[in-house]
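Everything below belongs to start_25.txt, which stores compact mmCIF, C-alpha atoms and all ligand atoms.
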```
# COMPACT_ATOMS: atom_id res chain seq x y z
CA MET E 1 140.81 -20.36 83.42
CA ALA E 2 138.69 -20.37 86.56
CA SER E 3 135.05 -21.12 85.94
CA ILE E 4 133.53 -18.44 88.17
CA GLN E 5 133.12 -15.17 86.35
CA PRO E 6 134.29 -12.02 88.08
CA SER E 7 130.89 -10.43 87.51
CA LEU E 8 129.26 -13.26 89.43
CA LEU E 9 131.53 -12.72 92.37
CA LEU E 10 130.95 -9.03 92.25
CA THR E 11 127.20 -9.63 92.42
CA LEU E 12 127.80 -11.87 95.40
CA LEU E 13 129.90 -9.27 97.08
CA LEU E 14 127.36 -6.54 96.45
CA SER E 15 124.44 -8.59 97.72
CA LEU E 16 126.42 -9.26 100.85
CA LEU E 17 126.86 -5.54 101.25
CA LEU E 18 123.22 -4.77 100.67
CA SER E 19 122.16 -7.29 103.29
CA CYS E 20 124.11 -5.32 105.83
CA THR E 21 122.18 -2.87 107.94
CA THR E 22 123.06 0.80 108.27
CA LEU E 23 126.33 1.55 109.93
CA ALA E 24 125.22 4.20 112.37
CA SER E 25 123.54 2.36 115.22
CA PRO E 26 126.00 1.53 117.99
CA SER E 27 123.73 -1.14 119.49
CA THR E 28 124.41 -3.48 116.63
CA LYS E 29 128.10 -3.88 117.29
CA LYS E 30 127.98 -7.65 117.19
CA ARG E 31 126.18 -7.67 113.88
CA HIS E 32 128.76 -5.29 112.50
CA GLU E 33 131.50 -7.59 113.60
CA GLU E 34 129.86 -10.54 111.89
CA TYR E 35 129.34 -8.45 108.82
CA GLU E 36 132.90 -7.36 108.93
CA SER E 37 134.33 -10.83 109.08
CA LYS E 38 132.00 -11.99 106.29
CA LEU E 39 133.09 -9.08 104.18
CA ALA E 40 136.74 -9.65 104.93
CA ASN E 41 136.39 -13.27 103.84
CA ALA E 42 134.58 -12.30 100.68
CA LEU E 43 137.22 -9.75 99.87
CA THR E 44 140.07 -12.16 100.43
CA HIS E 45 138.35 -14.74 98.31
CA TYR E 46 137.61 -12.27 95.59
CA ALA E 47 141.08 -10.80 95.60
CA SER E 48 142.71 -14.21 95.26
CA HIS E 49 140.26 -15.02 92.50
CA ILE E 50 141.30 -11.94 90.58
CA GLY E 51 144.88 -13.01 91.02
CA SER E 52 144.25 -16.52 89.69
CA VAL E 53 142.20 -15.31 86.76
CA THR E 54 144.84 -12.87 85.66
CA THR E 55 147.82 -15.14 86.05
CA SER E 56 146.13 -18.11 84.40
CA SER E 57 145.72 -16.58 81.00
CA HIS E 58 146.56 -13.00 80.36
CA GLN E 59 146.52 -13.15 76.64
CA ALA E 60 143.08 -14.66 76.49
CA LEU E 61 141.83 -12.02 78.87
CA LEU E 62 143.31 -9.19 76.90
CA GLU E 63 141.89 -10.49 73.67
CA GLU E 64 138.51 -11.13 75.19
CA ASP E 65 136.95 -7.75 74.85
CA GLY E 66 136.16 -5.99 78.09
CA THR E 67 137.30 -8.66 80.53
CA MET E 68 140.29 -6.70 81.64
CA HIS E 69 138.07 -3.73 82.22
CA GLU E 70 135.84 -5.84 84.39
CA LEU E 71 138.75 -7.00 86.51
CA GLU E 72 139.90 -3.45 86.93
CA PHE E 73 136.41 -2.46 87.94
CA ALA E 74 136.35 -5.27 90.49
CA ALA E 75 139.68 -4.10 91.88
CA MET E 76 138.16 -0.67 92.33
CA ALA E 77 135.11 -2.13 94.07
CA ILE E 78 137.35 -4.06 96.44
CA ALA E 79 139.38 -0.96 97.24
CA ASN E 80 136.19 0.90 98.10
CA GLU E 81 134.88 -1.87 100.28
CA MET E 82 138.14 -1.81 102.18
CA ASN E 83 137.69 1.88 102.79
CA ARG E 84 134.13 1.23 103.99
CA LEU E 85 135.35 -1.57 106.20
CA SER E 86 137.97 0.65 107.76
CA LEU E 87 135.31 3.29 108.38
CA ILE E 88 133.12 0.74 110.17
CA ARG E 89 136.05 -0.34 112.31
CA TYR E 90 136.88 3.26 113.09
CA ARG E 91 133.30 4.19 113.97
CA LEU E 92 133.02 1.18 116.21
CA GLY E 93 136.20 2.22 117.95
CA LEU E 94 138.04 -0.90 116.78
CA ASP E 95 140.57 1.29 115.02
CA ASP E 96 141.78 4.52 116.46
CA ASP E 97 143.41 7.02 114.15
CA GLU E 98 145.53 8.32 116.99
CA GLU E 99 146.86 4.96 117.97
CA GLU E 100 147.80 4.01 114.50
CA GLU E 101 150.89 1.91 114.62
CA GLU E 102 153.80 3.96 113.57
CA GLU E 103 155.92 2.94 110.69
CA GLU E 104 159.65 2.84 111.35
CA SER E 105 160.60 6.20 110.02
CA GLU E 106 164.04 7.47 110.67
CA PRO E 107 164.65 11.19 110.70
CA ASN E 108 165.24 12.32 107.16
CA SER E 109 166.23 8.81 106.17
CA GLN E 110 168.37 8.73 103.08
CA LEU E 111 167.75 6.23 100.35
CA ASP E 112 170.76 4.20 99.32
CA THR E 113 171.74 1.76 96.62
CA ALA E 114 170.42 -1.18 98.67
CA ASP E 115 166.93 0.39 98.53
CA ILE E 116 167.24 0.79 94.80
CA GLU E 117 168.29 -2.82 94.33
CA LYS E 118 165.49 -4.04 96.56
CA GLU E 119 163.02 -2.00 94.60
CA ALA E 120 164.34 -3.26 91.27
CA MET E 121 163.76 -6.82 92.53
CA ILE E 122 160.20 -6.03 93.54
CA LYS E 123 159.62 -4.42 90.19
CA ASP E 124 160.88 -7.51 88.38
CA SER E 125 158.44 -9.65 90.28
CA LEU E 126 155.47 -7.50 89.31
CA ASP E 127 153.25 -8.44 86.41
CA PRO E 128 152.47 -5.29 84.40
CA GLU E 129 149.08 -6.70 83.41
CA GLU E 130 148.08 -6.66 87.06
CA TRP E 131 148.75 -2.97 87.52
CA TYR E 132 145.24 -2.40 88.85
CA ALA E 133 145.99 -4.47 91.94
CA TYR E 134 149.32 -2.88 92.92
CA SER E 135 149.71 -1.71 96.48
CA TYR E 136 151.27 1.62 97.46
CA TRP E 137 154.74 0.12 97.84
CA GLU E 138 154.41 -1.91 94.66
CA LEU E 139 153.58 1.30 92.84
CA HIS E 140 156.61 2.92 94.47
CA ALA E 141 158.76 0.08 93.12
CA TYR E 142 157.11 -0.12 89.72
CA PHE E 143 157.80 3.57 89.03
CA SER E 144 161.38 3.13 90.39
CA CYS E 145 160.86 5.84 92.97
CA ALA E 146 163.82 4.89 95.18
CA ALA E 147 166.12 5.48 92.20
CA GLU E 148 164.26 8.68 91.45
CA PHE E 149 164.58 10.14 94.94
CA ILE E 150 168.29 9.54 95.21
CA LYS E 151 168.68 12.24 92.56
CA SER E 152 168.56 15.86 93.53
CA LYS E 153 165.36 17.24 92.10
CA PRO E 154 164.83 20.70 90.67
CA ILE E 155 162.06 22.96 91.96
CA PRO E 156 159.12 22.59 89.59
CA THR E 157 158.66 25.63 87.37
CA PRO E 158 155.24 27.31 87.11
CA GLU E 159 154.95 25.69 83.63
CA ARG E 160 155.47 22.29 85.15
CA TRP E 161 152.71 22.86 87.69
CA ASN E 162 150.40 24.08 84.93
CA ASP E 163 151.16 21.04 82.85
CA LEU E 164 150.39 18.77 85.79
CA ARG E 165 147.12 20.56 86.53
CA SER E 166 145.93 20.36 82.92
CA PHE E 167 146.88 16.72 82.82
CA TYR E 168 144.83 16.17 85.96
CA HIS E 169 141.77 17.71 84.28
CA GLU E 170 142.25 15.57 81.18
CA PHE E 171 142.56 12.52 83.35
CA VAL E 172 139.32 13.23 85.23
CA GLN E 173 137.47 13.66 81.90
CA GLN E 174 138.89 10.42 80.57
CA ASP E 175 138.11 8.54 83.76
CA LEU E 176 134.48 9.71 83.65
CA GLN E 177 134.26 8.53 80.07
CA ASP E 178 135.67 5.14 81.03
CA TRP E 179 133.31 4.80 83.94
CA PRO E 180 130.48 7.32 84.07
CA LEU E 181 129.34 7.99 87.61
CA GLN E 182 126.38 5.85 88.50
CA ASN E 183 124.80 6.06 91.87
CA GLU E 184 127.79 7.45 93.65
CA ASN E 185 127.01 10.60 95.55
CA GLU E 186 130.54 11.86 95.14
CA PRO E 187 132.89 12.07 92.18
CA ARG E 188 135.94 9.80 92.29
CA SER E 189 138.21 12.83 92.17
CA TYR E 190 137.57 16.55 92.45
CA ILE E 191 139.05 19.92 93.32
CA TYR E 192 138.54 20.64 97.01
CA THR E 193 137.67 24.34 96.90
CA ASP E 194 137.71 27.25 94.46
CA VAL E 195 139.62 29.48 96.85
CA SER E 196 143.03 30.69 95.81
CA TYR E 197 145.69 31.77 98.29
CA ASP E 198 149.16 33.23 97.99
CA PRO E 199 151.15 31.80 100.91
CA PRO E 200 154.00 33.80 102.56
CA MET E 201 156.57 31.23 101.49
CA GLU E 202 158.63 30.18 98.51
CA PRO E 203 160.45 27.05 97.38
CA PHE E 204 164.20 26.57 97.88
CA GLN E 205 166.77 23.78 98.01
CA SER E 206 167.04 22.80 101.65
CA GLY E 207 170.32 20.91 101.76
CA PHE E 208 170.07 17.17 102.35
CA LYS E 209 166.29 17.41 102.74
CA GLY E 210 166.00 18.33 99.07
CA ARG E 211 163.34 20.80 98.04
CA GLY E 212 161.56 22.71 100.76
CA LEU E 213 159.65 25.90 101.53
CA LYS E 214 160.95 28.95 103.36
CA ALA E 215 159.22 32.05 104.72
CA ASN E 216 159.42 34.95 102.26
CA ARG E 217 158.55 37.43 105.02
CA ARG E 218 158.41 37.41 108.79
CA ILE E 219 155.45 35.38 110.01
CA GLU E 220 153.97 35.83 113.46
CA LYS E 221 152.86 33.08 115.75
CA GLY E 222 149.20 32.25 115.07
CA GLU E 223 149.21 33.52 111.48
CA LEU E 224 147.73 31.48 108.68
CA VAL E 225 150.64 30.15 106.60
CA PHE E 226 149.03 27.77 104.17
CA ARG E 227 145.56 26.54 103.30
CA ALA E 228 143.74 24.34 100.80
CA THR E 229 143.18 26.02 97.45
CA ASN E 230 141.80 25.14 94.05
CA ASN E 231 145.07 23.27 93.54
CA THR E 232 144.17 20.85 96.31
CA ILE E 233 142.74 17.71 94.78
CA ILE E 234 140.89 14.85 96.40
CA PHE E 235 140.59 11.22 95.40
CA THR E 236 137.75 9.40 97.09
CA HIS E 237 138.70 6.14 95.35
CA GLY E 238 142.09 4.54 95.91
CA HIS E 239 141.97 2.91 92.51
CA THR E 240 141.33 6.20 90.72
CA TRP E 241 144.48 7.59 92.31
CA ARG E 242 146.39 4.51 91.12
CA LYS E 243 144.98 5.00 87.63
CA PHE E 244 146.03 8.67 87.72
CA LEU E 245 149.61 7.66 88.54
CA PHE E 246 149.73 5.20 85.65
CA ALA E 247 148.21 7.70 83.26
CA LEU E 248 150.85 10.23 84.30
CA TYR E 249 153.65 7.70 84.01
CA GLU E 250 152.70 6.74 80.48
CA ARG E 251 151.37 10.02 79.18
CA HIS E 252 154.24 10.53 76.72
CA GLY E 253 154.17 6.90 75.60
CA GLU E 254 154.96 3.47 76.92
CA GLU E 255 158.52 3.14 75.59
CA GLU E 256 161.18 3.01 78.30
CA HIS E 257 162.56 6.47 77.47
CA GLN E 258 159.09 8.04 77.42
CA LEU E 259 158.04 6.92 80.90
CA ASP E 260 157.85 9.75 83.41
CA SER E 261 159.16 8.46 86.75
CA GLU E 262 160.10 11.95 87.80
CA THR E 263 156.60 13.43 87.89
CA THR E 264 154.89 10.20 88.89
CA CYS E 265 157.11 9.61 91.93
CA ASP E 266 156.66 13.22 93.00
CA VAL E 267 152.90 12.89 92.85
CA LEU E 268 153.09 9.59 94.70
CA VAL E 269 154.97 11.03 97.67
CA TRP E 270 153.08 14.31 97.64
CA SER E 271 149.84 12.41 98.24
CA TRP E 272 148.58 11.65 101.72
CA ILE E 273 145.50 10.18 103.35
CA GLN E 274 143.19 11.92 105.79
CA ARG E 275 139.53 12.26 106.71
CA LEU E 276 137.84 15.39 105.33
CA VAL E 277 135.34 15.47 108.16
CA PRO E 278 135.48 13.92 111.62
CA ARG E 279 134.27 10.31 111.41
CA GLY E 280 134.13 10.51 107.62
CA PRO E 281 135.72 8.15 105.10
CA LEU E 282 139.37 8.25 104.10
CA VAL E 283 140.41 10.22 101.05
CA ILE E 284 143.69 10.84 99.25
CA VAL E 285 144.79 14.46 99.09
CA MET E 286 147.53 16.29 97.23
CA ASP E 287 148.41 19.84 96.31
CA LEU E 288 149.27 20.54 92.70
CA ASP E 289 151.44 23.51 93.65
CA ASN E 290 154.47 24.58 95.66
CA GLY E 291 152.64 23.63 98.86
CA SER E 292 153.66 20.03 98.14
CA LEU E 293 157.29 20.86 98.82
CA MET E 294 156.80 21.40 102.55
CA ASN E 295 159.15 19.20 104.57
CA GLU E 296 158.47 17.41 107.79
CA GLY E 297 159.58 18.49 111.26
CA ARG E 298 158.94 16.67 114.51
CA GLU E 299 159.49 17.38 118.15
CA ASP E 300 161.64 14.27 118.33
CA GLU E 301 165.32 13.67 118.58
CA GLY E 302 167.09 13.88 115.23
CA TRP E 303 164.39 16.07 113.74
CA GLU E 304 164.06 19.80 113.36
CA ASP E 305 161.12 21.27 115.28
CA PRO E 306 157.96 21.97 113.30
CA ASN E 307 156.89 25.63 113.12
CA VAL E 308 153.46 25.25 111.56
CA LYS E 309 150.55 23.10 112.60
CA CYS E 310 147.43 22.02 110.77
CA GLY E 311 144.22 23.32 112.36
CA LYS E 312 143.79 25.59 115.34
CA GLU E 313 142.23 22.98 117.56
CA ASP E 314 142.34 19.26 117.11
CA TRP E 315 140.81 18.94 113.72
CA CYS E 316 142.94 19.61 110.64
CA ASP E 317 140.79 21.54 108.22
CA PHE E 318 143.49 22.22 105.63
CA GLU E 319 144.58 25.40 107.34
CA TYR E 320 148.11 25.58 108.66
CA TYR E 321 149.07 28.12 111.32
CA ALA E 322 152.43 29.28 112.64
CA ILE E 323 153.05 27.86 116.14
CA LYS E 324 155.97 30.23 116.71
CA ASP E 325 157.34 33.38 115.13
CA ILE E 326 159.10 32.53 111.87
CA GLU E 327 161.88 34.70 110.43
CA VAL E 328 162.39 35.47 106.74
CA GLY E 329 164.25 32.62 105.08
CA GLU E 330 163.46 30.11 107.81
CA GLU E 331 162.26 26.74 106.54
CA ILE E 332 158.58 25.93 107.08
CA LEU E 333 158.19 22.50 108.71
CA CYS E 334 155.12 20.58 109.71
CA ASP E 335 154.61 17.28 111.54
CA TYR E 336 152.81 15.23 108.89
CA ARG E 337 151.45 12.87 111.51
CA GLU E 338 149.04 15.57 112.68
CA PHE E 339 146.90 15.16 109.62
CA ALA E 340 148.24 12.43 107.38
CA MET E 341 147.54 8.78 108.12
CA LEU E 342 150.82 7.30 107.09
CA ASN E 343 149.77 3.66 107.16
CA ALA E 344 146.26 3.88 105.76
CA TRP E 345 147.07 3.03 102.14
CA VAL E 346 145.92 -0.53 102.59
CA ASP E 347 142.55 0.76 103.83
CA MET E 348 142.08 2.43 100.47
CA GLY E 349 142.96 -0.77 98.65
CA LEU E 350 146.51 0.35 97.97
C1 LIG D 401 143.44 27.15 90.15
O1 LIG D 401 143.26 28.45 89.65
C2 LIG D 401 144.39 28.98 88.94
C3 LIG D 401 144.09 30.41 88.61
O2 LIG D 401 142.87 30.50 87.93
C4 LIG D 401 144.65 28.11 87.72
O3 LIG D 401 145.79 28.56 87.03
C5 LIG D 401 144.89 26.66 88.17
O4 LIG D 401 145.07 25.81 87.08
C6 LIG D 401 143.70 26.18 89.01
N1 LIG D 401 144.01 24.85 89.52
C7 LIG D 401 143.48 23.72 89.05
C8 LIG D 401 143.90 22.45 89.70
O5 LIG D 401 142.70 23.70 88.12
C1 LIG D 402 156.11 28.41 93.06
O1 LIG D 402 157.50 28.52 93.04
C2 LIG D 402 158.03 29.01 91.80
C3 LIG D 402 159.55 28.89 91.86
O2 LIG D 402 160.08 29.57 92.94
C4 LIG D 402 157.54 30.44 91.58
O3 LIG D 402 158.02 30.93 90.35
C5 LIG D 402 156.03 30.43 91.56
O4 LIG D 402 155.52 31.73 91.45
C6 LIG D 402 155.47 29.76 92.82
N1 LIG D 402 154.04 29.62 92.64
C7 LIG D 402 153.18 30.05 93.52
C8 LIG D 402 151.75 29.85 93.19
O5 LIG D 402 153.52 30.55 94.59
```

Please lay out the structure from this file as C-alpha cells.
Amino acid sequence: MASIQPSLLLTLLLSLLLSCTTLASPSTKKRHEEYESKLANALTHYASHIGSVTTSSHQALLEEDGTMHELEFAAMAIANEMNRLSLIRYRLGLDDDEEEEEEESEPNSQLDTADIEKEAMIKDSLDPEEWYAYSYWELHAYFSCAAEFIKSKPIPTPERWNDLRSFYHEFVQQDLQDWPLQNENEPRSYIYTDVSYDPPMEPFQSGFKGRGLKANRRIEKGELVFRATNNTIIFTHGHTWRKFLFALYERHGEEEHQLDSETTCDVLVWSWIQRLVPRGPLVIVMDLDNGSLMNEGREDEGWEDPNVKCGKEDWCDFEYYAIKDIEVGEEILCDYREFAMLNAWVDMGL
C-alpha cells in the first residue's frame, strides 16, 4: 500500500489550483501555460497514484471504511480539473472547438462480431473496483454496448421514458445525499429548463439506421422542429454522469441477469458534450424523451443530407430549425458535429 494518502494529494492538488490566478486576463498567457503544465503533471501523478492504490490492495480498501469513497471523490475532482484545464486551453486559443480532430467515423458504420469480441476483451481487462476511473470507451465496453447495438432495438414506450425520468430524479437525490453540494455554484446535474414542447415528429424504425424520427406533418423551411425541454438534462460533472450510468446498469441488482445493458447503452450514446454558453465550460447533455432518437445526416458522401440545424446563427442554443421543407414521413436528420463535441469525453475526465 502506497504511503501517501489520497487526501494529502488532493490537498496538494487543490493548493496548486488556489495559487493560480484568475483565468480571464489574456496578458498572463505564459503564467497560464506554466500553470497548465504544473496541473497536468499533478493530475498525471495523482491519477497514477489512484491506480496504484487501488490495484495494490482492493480488499483492504473496501474494508477500510470510507477509503473507496475518498478515491471516488478524488476521481471526480480530477475529472473536474480536466474540464477546467480544457476551458483554459480553449480560452487561450490553444484548443479550437471548430478544429477538433475528427474521429474516424464511417457513414452509418455497422458494428460487427469483431467489435463485440474486441469489447469483450477490453471488458475482461477492466477491474470492476476501479469503475470510478473508467473512460468513455471503457464504459462502452463494460456495459457491452457493441453487443447491445447489434440488436434491433424497440422504440421506447412512454412508460419506459417515465421510468427513466423517475430513476434520474432518484439518482440526483441519492447523489446529493452521498455528496452534499459544498461551495459549488452549480449542481452536478439538473434539468435544463421547465419548458415543454410537442415536436412535429414521431419515432419510427428507419431501416439499417435503427430507430429514428420522422415528420408527422409537413414542416416548412425555417420552422422550429425541436428544442430543449424539461426532459433535457445536464451533467456538469463527468464523474456524476458515469455514476448515473452505473446506477442505471445495476438498478435491478448486480446479478448478471439483472444488469440493464439495454437502457444504460442507450443513455450512453444519447449523451453528448457541448458548451451551454459561448466560452463556457463543457457539460454533458441528453434528452430523456423521443428527441434522443434523432439520427445523424451529413453533407458528405455516403451520408443522407441533414434537414434540421441547431441554432439560427452560429451558436447552438438547443433549438433546431428546418433548413429545407420537410414532407410528412420524411426522416429528420441533423449533423451532430454542429453542436456535439465528439472527442471531448477525455476533457470531462471520461
Ligand atoms: C417534464 O414534464 C412532464 C410533464 O409534467 C413530466 O411527465 C416529465 O417527467 C418531466 N421530465 C422530467 C425529466 O422530470
Ligand atoms: C414518443 O413516442 C411514442 C411512441 O411512438 C409515443 O407514444 C409518445 O407519445 C411520444 N412521446 C412524446 C412526448 O412525443

Exercise for the section: Tell me, in Å to one decimal, how far CA of Ala77 (chain E) is from CA of Gln274 (chain E). Expected result: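 It comes out at 20.0 Å.
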
Can you build me a table of chain E residues sitting at most 8 Å from ligand LIG 401 (chain D), with the closest atom pair per residue and its distance in Å to one decimal, using all atoms listed in the file, sorted by chain and residue number, as a Markdown table?
```
| residue | atom | partner | partner_atom | distance |
| --- | --- | --- | --- | --- |
| E:Asn162 | CA | D:LIG401 | O4 | 6.0 |
| E:Arg165 | CA | D:LIG401 | C8 | 4.9 |
| E:Ser166 | CA | D:LIG401 | O4 | 6.9 |
| E:Tyr168 | CA | D:LIG401 | C8 | 7.4 |
| E:His169 | CA | D:LIG401 | O5 | 7.2 |
| E:Ile191 | CA | D:LIG401 | C8 | 6.6 |
| E:Asp194 | CA | D:LIG401 | C1 | 7.2 |
| E:Ser196 | CA | D:LIG401 | O1 | 6.6 |
| E:Thr229 | CA | D:LIG401 | C1 | 7.4 |
| E:Asn230 | CA | D:LIG401 | C1 | 4.7 |
| E:Asn231 | CA | D:LIG401 | C8 | 4.1 |
| E:Thr232 | CA | D:LIG401 | C8 | 6.8 |
| E:Ile233 | CA | D:LIG401 | C8 | 7.0 |
| E:Leu288 | CA | D:LIG401 | C8 | 6.4 |
```

Problem - Using only C-alpha atoms and all ligand atoms: which of E:Gly253, E:Gly291, E:Gly222, E:Pro128 has the shortest distance to ligand LIG 402 (chain D) - result: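 Of E:Gly253, E:Gly291, E:Gly222, E:Pro128, the one nearest ligand LIG 402 (chain D) is E:Gly291, counting only C-alpha atoms and all ligand atoms.
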
Exercise for the section: Within 7 Å of ligand LIG 402 (chain D), which residues show up when you count all atoms listed in the file? List them as a PyMOL selection string, please. Expected result: chain E and resi 155-158+198-199+202-203+289-290

Practice task
Determine the nearest neighbour of Asp124 (chain E) from the options E:Glu299, E:Asp260, E:Glu138, E:Asp112, counting all atoms listed in the file.
Solution key: E:Glu138

Practice task
Give me, please, the distance in Å between CA of Asp175 (chain E) and CA of Tyr190 (chain E), quoted to one decimal.
Solution key: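 Here the two named atoms are 11.8 Å from each other.
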
Practice task
Report the distance between CA of Leu268 (chain E) and CA of Asp305 (chain E) in Å, rounded to one decimal place.
Solution key: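 Distance reported for this atom pair: 25.0 Å.
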
Practice task
Might you pull out every residue within 10 Å of Cys310 (chain E), with all atoms listed in the file counted and same-chain residues fewer than 6 positions away left off, and present them as a count of residues only?
Solution key: 17

Can you sort out the box for region 250-262 of chain E, edges along x, y and z, all listed atoms in, 3 Å on every side, with centre and edge lengths in Å to one decimal, as lines of an AutoDock Vina configuration file?
```
center_x = 157.0
center_y = 7.5
center_z = 81.7
size_x = 17.2
size_y = 14.9
size_z = 18.2
```

Handout entry: Using all atoms listed in the file: which of E:Ile122, E:Ile326, E:Leu111, E:Ala74 has the shortest distance to Glu220 (chain E)
Key =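 The closest residue to Glu220 (chain E) is E:Ile326.
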
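Closest approach to Trp241 (chain E) among E:Pro306, E:Gly349, E:Gly212, E:Pro180 is made by E:Gly349 (distances from only C-alpha atoms).
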
Exercise for the section: Might you pull out every residue within 9 Å of Glu262 (chain E), with only C-alpha atoms counted and same-chain residues fewer than 6 positions away left off, and present them as a list in words? Expected result: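 Close residues of Glu262 (chain E): Phe143, Cys145, Glu148, Phe149, Lys153 and Tyr249 of chain E.
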
Fill in the blank from the handout: Counting only C-alpha atoms, closest pick from E:Glu255, E:Trp272, E:Ile78, E:Arg89 relative to Met341 (chain E) is E:Trp272

Practice task
Give the answer as one residue: which of E:Leu213, E:Ile284, E:Val277, E:Leu333 has the shortest atom-to-atom distance to Phe244 (chain E), using all atoms listed in the file?
Solution key: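 The shortest atom-to-atom distance to Phe244 (chain E) comes from E:Ile284.
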
Practice task
Might you pull out every residue within 10 Å of Leu126 (chain E), with all atoms listed in the file counted and same-chain residues fewer than 4 positions away left off, and present them as a ChimeraX atom specification?
Solution key: /E:121-122,130-131,134,138-139,141-142

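The list of residues with at least one atom within 12 Å of Glu186 (chain E), based on all atoms listed in the file and without residues fewer than 2 positions apart in the same chain, reads E:Pro180, E:Leu181, E:Gln182, E:Asn183, E:Glu184, E:Arg188, E:Ser189, E:Tyr190, E:Ile191, E:Ile234, E:Phe235, E:Thr236, E:His237, E:Pro281, E:Val283.
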